[in-house]
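J.: Structure incoming, see below.
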Amino acid sequence: MANRYSLWSLLKNGLKHNESWQPAWRSPQPKPRYDVIIVGGGGHGLATAYYLAKNHGVKNVAVLEKGYLGGGNTARNTTIVRSNYLWDEAAQLYEHAMKLWEGLSLDLNFNVMFSQRGVMNLGHTLQDMRDIERRVNANNLNGIDGVVLSPKEIQDIVPLMDISAKTRYPVMGASYQPRGGVARHDAVAWGFARGASDLGVDIIEQCEVVDMIIEDGRIKGVKTTRGDIFADRVGCVAAGNSTPLAKMAGVRLPLESHPLQAFVSESMKPCLDTVVMSNAVHGYVSQSDKGELVIGAGIDSYLGYGQRGSPHVIEHTAAAIIELFPSFSRVRMNRQWGGIVDVAPDACPIISKTKVKGLYFNCGWGTGGFKATPGSGHVFAHTIANDEAHPLNKAFALDRFNTGHLIDEHGAAGVAH
Amino acid sequence: MFQIHCPHCGATREEEEFSYAGEAYIARPAKPEEATEAEWGDYLFMRKNTRGWFWEQWQHTAGCRKVFAVKRNTVSYEIAGTWTLAEGKELYLKESEA
């Protein structure tokens, strides 16, 4: 049992000069056989393992991660959490995640620093404003909080923003979800890893899946860089690398992997206490607890697995941010990175069974998976444990690309594709 | 950021002059009226999304505006060559057979 964190444990360990803290999760050798293997140790994969063990009593689970925990997209995103999606199916899925976020730190006994500081989506054209009105109304009908703000109301919340008519694309209003906000992304991976490990899940890092073992249309296990591991059920949650994994099983996916870049500035005094996003000029920004501006760019247009993108994408985003916040023009940027995101044709995830029995995929989250981490893990665990979709992810099956029942969320997805 | 050679106008220019146009040589079902839902879905949405050497299309939007084929490595972003769609198709088919 790892440490429980509390005021008492802080005091006790403090008095022992902090030398008796235990590692937050075990690092076991892989066993030859498990009930369930989760491929991919990002936030979604770890959440899946956690909920499998906690809600479904499936504790003989391995999470296979080719790198180290928190080394992929989980720690390469801009940490934004919101649930203001347009269509019922998507709104309910993301709102399910939002409700789990609200109790997550307590549930995991791990501070994921979830801060509901509000998320603002700006409108710069009449059509933007019509879409915003429609989306906020749709959200309210689904029981999700949201209001439409006028430029004056935006200015009251974000005094630094230039809402004058002088700008190239003047701000005409915004949608605002007060319950939205940010969470510390790597703490989410660590918290779920610790929770899952406590419940008996084996988290195996530096273990890459190189092939799948399939007999008579049924999954039997996976071949890895650390030997063959057998299981009757395998769930793949590998974001940008989902297609190569699916190919091993002869499954085709409707995904394209693109680099998505982000960057952070040097630390500054608090100046922005909400999240500001703009689809039209394309950029989003928030300020971390350390004081850095966290800025997200759009995806690079080309297909890429390189965890890096082209500089002109950053340049466009920086230009958009400076247009909105002229006072940021002297801020120096500290770090820049790219993650590989798996973009689906309708900007919605695929949480689904496949034609191979016992093989499940949770992918296609594209540019906006972080916000859904607990909800995604929760419904995917249900799908794997019962071999049947949870009511919330029924609409997100792979066969929607054959039936035509797409869920077009390009408008509410924060990043233009 | 990389430079791309346009086989039509013969210019080698920065990536920003071009637009990406996705996977190359996706075959439309030969008899559309007989294609099943699965075949249509496959044609419309399913993609190779290759990790490694990949045949794709780019358009020279800020130049001659023509579309052409590029063979590019999606991990290292190295470009093996660019061809007109017709020239590229022969090479592509030869590679797919091998």
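Each chain in the structure tokens gets a letter, A, B, ..., in the order shown, and its residues are numbered from 1; ligands are numbered from 1 in order too.
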With a distance threshold of 12 Å and counting only C-alpha atoms, extract the residues of chain A near chain B and express them as an NGL selection string.
T.: :A and (240-247 or 250-259 or 300-316 or 340-346 or 398-406 or 417)
J.: Need the shell around region 26-42 of chain A: protein/DNA/RNA residues with any atom at most 7 Å away, counting only C-alpha atoms. Skip same-chain ones fewer than 4 positions apart. Format as an mmCIF file with N, CA and C atoms, in the first residue's frame?
T.:
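Result saved to part.cif:
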data_model
loop_
_atom_site.group_PDB
_atom_site.id
_atom_site.type_symbol
_atom_site.label_atom_id
_atom_site.label_comp_id
_atom_site.auth_asym_id
_atom_site.auth_seq_id
_atom_site.Cartn_x
_atom_site.Cartn_y
_atom_site.Cartn_z
ATOM 1 N N LEU A 46 -4.471 4.623 -17.938
ATOM 2 C CA LEU A 46 -4.368 4.428 -16.489
ATOM 3 C C LEU A 46 -5.744 4.577 -15.835
ATOM 4 N N ASN A 60 -6.679 -8.175 -12.025
ATOM 5 C CA ASN A 60 -5.513 -8.790 -12.667
ATOM 6 C C ASN A 60 -5.292 -8.114 -14.025
ATOM 7 N N VAL A 61 -4.793 -6.886 -13.941
ATOM 8 C CA VAL A 61 -4.698 -6.029 -15.125
ATOM 9 C C VAL A 61 -3.259 -5.540 -15.287
ATOM 10 N N ALA A 62 -2.785 -5.479 -16.532
ATOM 11 C CA ALA A 62 -1.478 -4.866 -16.799
ATOM 12 C C ALA A 62 -1.675 -3.648 -17.687
ATOM 13 N N VAL A 63 -0.956 -2.591 -17.388
ATOM 14 C CA VAL A 63 -0.903 -1.428 -18.276
ATOM 15 C C VAL A 63 0.496 -1.423 -18.890
ATOM 16 N N LEU A 64 0.571 -1.558 -20.209
ATOM 17 C CA LEU A 64 1.865 -1.579 -20.891
ATOM 18 C C LEU A 64 2.149 -0.211 -21.493
ATOM 19 N N GLU A 65 3.278 0.355 -21.119
ATOM 20 C CA GLU A 65 3.647 1.692 -21.603
ATOM 21 C C GLU A 65 5.016 1.586 -22.272
ATOM 22 N N LEU A 69 5.663 6.896 -17.672
ATOM 23 C CA LEU A 69 4.366 7.525 -17.404
ATOM 24 C C LEU A 69 4.490 9.046 -17.470
ATOM 25 N N GLY A 70 3.545 9.648 -18.147
ATOM 26 C CA GLY A 70 3.576 11.112 -18.259
ATOM 27 C C GLY A 70 4.599 11.585 -19.273
ATOM 28 N N GLY A 72 4.084 11.115 -22.704
ATOM 29 C CA GLY A 72 3.430 11.307 -23.999
ATOM 30 C C GLY A 72 2.466 12.475 -23.962
ATOM 31 N N THR A 74 -0.211 12.930 -22.424
ATOM 32 C CA THR A 74 -0.771 13.299 -21.127
ATOM 33 C C THR A 74 -0.057 14.521 -20.566
ATOM 34 N N ALA A 189 -1.914 11.588 -14.478
ATOM 35 C CA ALA A 189 -1.312 10.278 -14.778
ATOM 36 C C ALA A 189 -0.804 9.634 -13.489
ATOM 37 N N SER A 197 -2.373 1.034 -9.128
ATOM 38 C CA SER A 197 -1.339 0.160 -8.559
ATOM 39 C C SER A 197 -1.748 -0.335 -7.171
ATOM 40 N N ASP A 202 -0.776 -3.996 -12.477
ATOM 41 C CA ASP A 202 0.661 -3.933 -12.765
ATOM 42 C C ASP A 202 0.919 -2.876 -13.834
ATOM 43 N N ILE A 203 1.701 -1.869 -13.484
ATOM 44 C CA ILE A 203 2.052 -0.844 -14.462
ATOM 45 C C ILE A 203 3.457 -1.142 -14.958
ATOM 46 N N ILE A 204 3.572 -1.469 -16.252
ATOM 47 C CA ILE A 204 4.848 -1.932 -16.796
ATOM 48 C C ILE A 204 5.344 -0.909 -17.805
ATOM 49 N N ILE A 229 2.896 -11.599 -23.585
ATOM 50 C CA ILE A 229 2.011 -11.500 -22.423
ATOM 51 C C ILE A 229 0.614 -11.870 -22.908
ATOM 52 N N PHE A 230 -0.026 -12.781 -22.182
ATOM 53 C CA PHE A 230 -1.311 -13.280 -22.653
ATOM 54 C C PHE A 230 -2.475 -12.688 -21.868
ATOM 55 N N ALA A 231 -3.581 -12.485 -22.563
ATOM 56 C CA ALA A 231 -4.818 -12.015 -21.935
ATOM 57 C C ALA A 231 -5.944 -12.223 -22.929
ATOM 58 N N ASP A 232 -7.145 -12.479 -22.414
ATOM 59 C CA ASP A 232 -8.283 -12.682 -23.310
ATOM 60 C C ASP A 232 -8.910 -11.370 -23.748
ATOM 61 N N ARG A 233 -8.574 -10.306 -23.034
ATOM 62 C CA ARG A 233 -9.114 -8.998 -23.414
ATOM 63 C C ARG A 233 -7.987 -7.973 -23.451
ATOM 64 N N VAL A 234 -7.930 -7.221 -24.524
ATOM 65 C CA VAL A 234 -6.894 -6.204 -24.683
ATOM 66 C C VAL A 234 -7.562 -4.886 -25.076
ATOM 67 N N GLY A 235 -7.270 -3.843 -24.323
ATOM 68 C CA GLY A 235 -7.804 -2.510 -24.641
ATOM 69 C C GLY A 235 -6.657 -1.614 -25.093
ATOM 70 N N CYS A 236 -6.796 -1.003 -26.266
ATOM 71 C CA CYS A 236 -5.728 -0.137 -26.788
ATOM 72 C C CYS A 236 -6.114 1.319 -26.615
ATOM 73 N N VAL A 237 -5.247 2.067 -25.956
ATOM 74 C CA VAL A 237 -5.479 3.494 -25.720
ATOM 75 C C VAL A 237 -4.178 4.204 -26.046
ATOM 76 N N ALA A 238 -3.854 4.296 -27.337
ATOM 77 C CA ALA A 238 -2.502 4.703 -27.715
ATOM 78 C C ALA A 238 -2.460 6.016 -28.494
#
J.: For Ile384 (chain A), list every protein, DNA or RNA residue within 9 Å, evaluated using only C-alpha atoms, and leave out those in the same chain fewer than 3 positions away; present the list as a PyMOL selection string.
T.: chain A and resi 36+52+233-235+353+358-360+379-381+387-389
J.: Now that the selection is made, can you save its residues with N, CA and C atoms as an mmCIF file, in the first residue's frame?
T.:
data_model
loop_
_atom_site.group_PDB
_atom_site.id
_atom_site.type_symbol
_atom_site.label_atom_id
_atom_site.label_comp_id
_atom_site.auth_asym_id
_atom_site.auth_seq_id
_atom_site.Cartn_x
_atom_site.Cartn_y
_atom_site.Cartn_z
ATOM 1 N N VAL A 36 -6.857 -8.692 -18.214
ATOM 2 C CA VAL A 36 -6.979 -7.603 -19.186
ATOM 3 C C VAL A 36 -5.619 -6.929 -19.346
ATOM 4 N N LEU A 52 -11.419 -0.223 -13.978
ATOM 5 C CA LEU A 52 -11.618 -1.677 -14.099
ATOM 6 C C LEU A 52 -11.471 -2.320 -12.722
ATOM 7 N N ARG A 233 -8.574 -10.306 -23.034
ATOM 8 C CA ARG A 233 -9.114 -8.998 -23.414
ATOM 9 C C ARG A 233 -7.987 -7.973 -23.451
ATOM 10 N N VAL A 234 -7.930 -7.221 -24.524
ATOM 11 C CA VAL A 234 -6.894 -6.204 -24.683
ATOM 12 C C VAL A 234 -7.562 -4.886 -25.076
ATOM 13 N N GLY A 235 -7.270 -3.843 -24.323
ATOM 14 C CA GLY A 235 -7.804 -2.510 -24.641
ATOM 15 C C GLY A 235 -6.657 -1.614 -25.093
ATOM 16 N N LYS A 353 -15.746 -1.763 -29.504
ATOM 17 C CA LYS A 353 -15.301 -3.117 -29.785
ATOM 18 C C LYS A 353 -14.764 -3.130 -31.216
ATOM 19 N N GLY A 358 -12.619 -9.532 -28.133
ATOM 20 C CA GLY A 358 -11.764 -9.253 -26.983
ATOM 21 C C GLY A 358 -10.787 -8.112 -27.202
ATOM 22 N N LEU A 359 -10.813 -7.513 -28.389
ATOM 23 C CA LEU A 359 -9.919 -6.380 -28.660
ATOM 24 C C LEU A 359 -10.749 -5.093 -28.748
ATOM 25 N N TYR A 360 -10.377 -4.127 -27.934
ATOM 26 C CA TYR A 360 -11.140 -2.879 -27.844
ATOM 27 C C TYR A 360 -10.226 -1.703 -28.150
ATOM 28 N N VAL A 379 -15.943 4.837 -18.944
ATOM 29 C CA VAL A 379 -16.816 4.115 -19.886
ATOM 30 C C VAL A 379 -16.058 3.016 -20.627
ATOM 31 N N PHE A 380 -14.745 3.217 -20.832
ATOM 32 C CA PHE A 380 -13.970 2.184 -21.528
ATOM 33 C C PHE A 380 -13.802 0.959 -20.619
ATOM 34 N N ALA A 381 -13.633 1.203 -19.326
ATOM 35 C CA ALA A 381 -13.548 0.084 -18.374
ATOM 36 C C ALA A 381 -14.846 -0.714 -18.415
ATOM 37 N N ASP A 387 -17.973 -6.427 -22.104
ATOM 38 C CA ASP A 387 -17.960 -6.681 -23.552
ATOM 39 C C ASP A 387 -19.151 -5.986 -24.224
ATOM 40 N N GLU A 388 -19.502 -4.843 -23.694
ATOM 41 C CA GLU A 388 -20.633 -4.103 -24.245
ATOM 42 C C GLU A 388 -20.469 -2.633 -23.876
ATOM 43 N N ALA A 389 -20.833 -1.762 -24.821
ATOM 44 C CA ALA A 389 -20.626 -0.332 -24.581
ATOM 45 C C ALA A 389 -21.480 0.158 -23.412
#
J.: Report as a list of chain:residue names all protein, DNA and RNA residues lying within 12 Å of Asp216 (chain A), evaluated on only C-alpha atoms, omitting residues in the same chain fewer than 2 positions from it.
T.: A:Ile213, A:Ile214, A:Arg218, A:Ile219, A:Lys220, A:Ala249, A:Lys355, A:Val356, A:Lys357, A:Gly358
J.: Just list the residues in region 206-271 of chain A DSSP gives alpha helix (DSSP H) on the backbone, as a list in words.
T.: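 These are the residues in question: Ser242, Thr243, Pro244, Leu245, Ala246, Lys247 and Met248 of chain A.
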J.: Which polymer residues have any atom within 9 Å of an atom of Trp87 (chain A), counting only C-alpha atoms, with same-chain residues fewer than 4 positions away left out, as a ChimeraX atom specification?
T.: /A:91-92,135,138-139,407-409
J.: Please, which residues of region 49-94 of chain B, numbered as in this document, come out strand (DSSP E or B) from DSSP, as a list in words?
T.: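 Filtering region 49-94 of chain B to strand (DSSP E or B) leaves Trp53, Phe54, Trp55, Glu56, Gln57, Trp58, Gln59, Val67, Phe68, Ala69, Val70, Lys71, Arg72, Asn73, Ile79, Ala80, Gly81, Thr82 and Trp83 of chain B.
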J.: Write out, as a PDB file, in the first residue's frame, the residues just selected, with N, CA and C atoms.
T.:
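As a result, result38.pdb now contains:
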ATOM      1  N   TRP B  53       7.472   5.503 -44.234  1.00  0.00           N
ATOM      2  CA  TRP B  53       7.360   6.045 -45.602  1.00  0.00           C
ATOM      3  C   TRP B  53       5.921   6.019 -46.067  1.00  0.00           C
ATOM      4  N   PHE B  54       5.478   7.153 -46.583  1.00  0.00           N
ATOM      5  CA  PHE B  54       4.057   7.356 -46.832  1.00  0.00           C
ATOM      6  C   PHE B  54       3.858   8.155 -48.123  1.00  0.00           C
ATOM      7  N   TRP B  55       2.944   7.682 -48.955  1.00  0.00           N
ATOM      8  CA  TRP B  55       2.593   8.425 -50.185  1.00  0.00           C
ATOM      9  C   TRP B  55       1.454   9.380 -49.883  1.00  0.00           C
ATOM     10  N   GLU B  56       1.659  10.657 -50.176  1.00  0.00           N
ATOM     11  CA  GLU B  56       0.642  11.645 -49.860  1.00  0.00           C
ATOM     12  C   GLU B  56       0.547  12.688 -50.965  1.00  0.00           C
ATOM     13  N   GLN B  57      -0.472  13.535 -50.886  1.00  0.00           N
ATOM     14  CA  GLN B  57      -0.666  14.584 -51.885  1.00  0.00           C
ATOM     15  C   GLN B  57      -0.447  15.954 -51.255  1.00  0.00           C
ATOM     16  N   TRP B  58       0.188  16.830 -51.993  1.00  0.00           N
ATOM     17  CA  TRP B  58       0.316  18.230 -51.591  1.00  0.00           C
ATOM     18  C   TRP B  58      -0.141  19.087 -52.766  1.00  0.00           C
ATOM     19  N   GLN B  59      -0.649  20.262 -52.426  1.00  0.00           N
ATOM     20  CA  GLN B  59      -1.027  21.210 -53.475  1.00  0.00           C
ATOM     21  C   GLN B  59      -0.153  22.450 -53.371  1.00  0.00           C
ATOM     22  N   VAL B  67      -1.807  19.829 -57.868  1.00  0.00           N
ATOM     23  CA  VAL B  67      -1.641  18.794 -56.841  1.00  0.00           C
ATOM     24  C   VAL B  67      -0.628  17.773 -57.337  1.00  0.00           C
ATOM     25  N   PHE B  68       0.211  17.264 -56.441  1.00  0.00           N
ATOM     26  CA  PHE B  68       1.215  16.278 -56.852  1.00  0.00           C
ATOM     27  C   PHE B  68       1.454  15.280 -55.718  1.00  0.00           C
ATOM     28  N   ALA B  69       2.234  14.242 -56.041  1.00  0.00           N
ATOM     29  CA  ALA B  69       2.489  13.171 -55.075  1.00  0.00           C
ATOM     30  C   ALA B  69       3.836  13.372 -54.391  1.00  0.00           C
ATOM     31  N   VAL B  70       3.872  13.099 -53.095  1.00  0.00           N
ATOM     32  CA  VAL B  70       5.104  13.205 -52.321  1.00  0.00           C
ATOM     33  C   VAL B  70       5.274  11.908 -51.548  1.00  0.00           C
ATOM     34  N   LYS B  71       6.494  11.374 -51.543  1.00  0.00           N
ATOM     35  CA  LYS B  71       6.780  10.236 -50.669  1.00  0.00           C
ATOM     36  C   LYS B  71       7.612  10.781 -49.512  1.00  0.00           C
ATOM     37  N   ARG B  72       7.021  10.715 -48.312  1.00  0.00           N
ATOM     38  CA  ARG B  72       7.638  11.378 -47.165  1.00  0.00           C
ATOM     39  C   ARG B  72       7.646  10.413 -45.986  1.00  0.00           C
ATOM     40  N   ASN B  73       8.669  10.502 -45.160  1.00  0.00           N
ATOM     41  CA  ASN B  73       8.726   9.672 -43.957  1.00  0.00           C
ATOM     42  C   ASN B  73       8.010  10.415 -42.832  1.00  0.00           C
ATOM     43  N   ILE B  79      11.897  13.744 -47.072  1.00  0.00           N
ATOM     44  CA  ILE B  79      11.149  13.564 -48.326  1.00  0.00           C
ATOM     45  C   ILE B  79      12.008  12.787 -49.318  1.00  0.00           C
ATOM     46  N   ALA B  80      11.461  11.673 -49.847  1.00  0.00           N
ATOM     47  CA  ALA B  80      12.219  10.846 -50.790  1.00  0.00           C
ATOM     48  C   ALA B  80      12.130  11.414 -52.195  1.00  0.00           C
ATOM     49  N   GLY B  81      11.032  12.067 -52.503  1.00  0.00           N
ATOM     50  CA  GLY B  81      10.890  12.635 -53.839  1.00  0.00           C
ATOM     51  C   GLY B  81       9.482  13.145 -54.063  1.00  0.00           C
ATOM     52  N   THR B  82       9.321  13.905 -55.134  1.00  0.00           N
ATOM     53  CA  THR B  82       7.987  14.385 -55.508  1.00  0.00           C
ATOM     54  C   THR B  82       7.780  14.088 -56.985  1.00  0.00           C
ATOM     55  N   TRP B  83       6.558  13.750 -57.345  1.00  0.00           N
ATOM     56  CA  TRP B  83       6.230  13.387 -58.712  1.00  0.00           C
ATOM     57  C   TRP B  83       4.856  13.959 -59.063  1.00  0.00           C
TER      58      TRP B  83
END
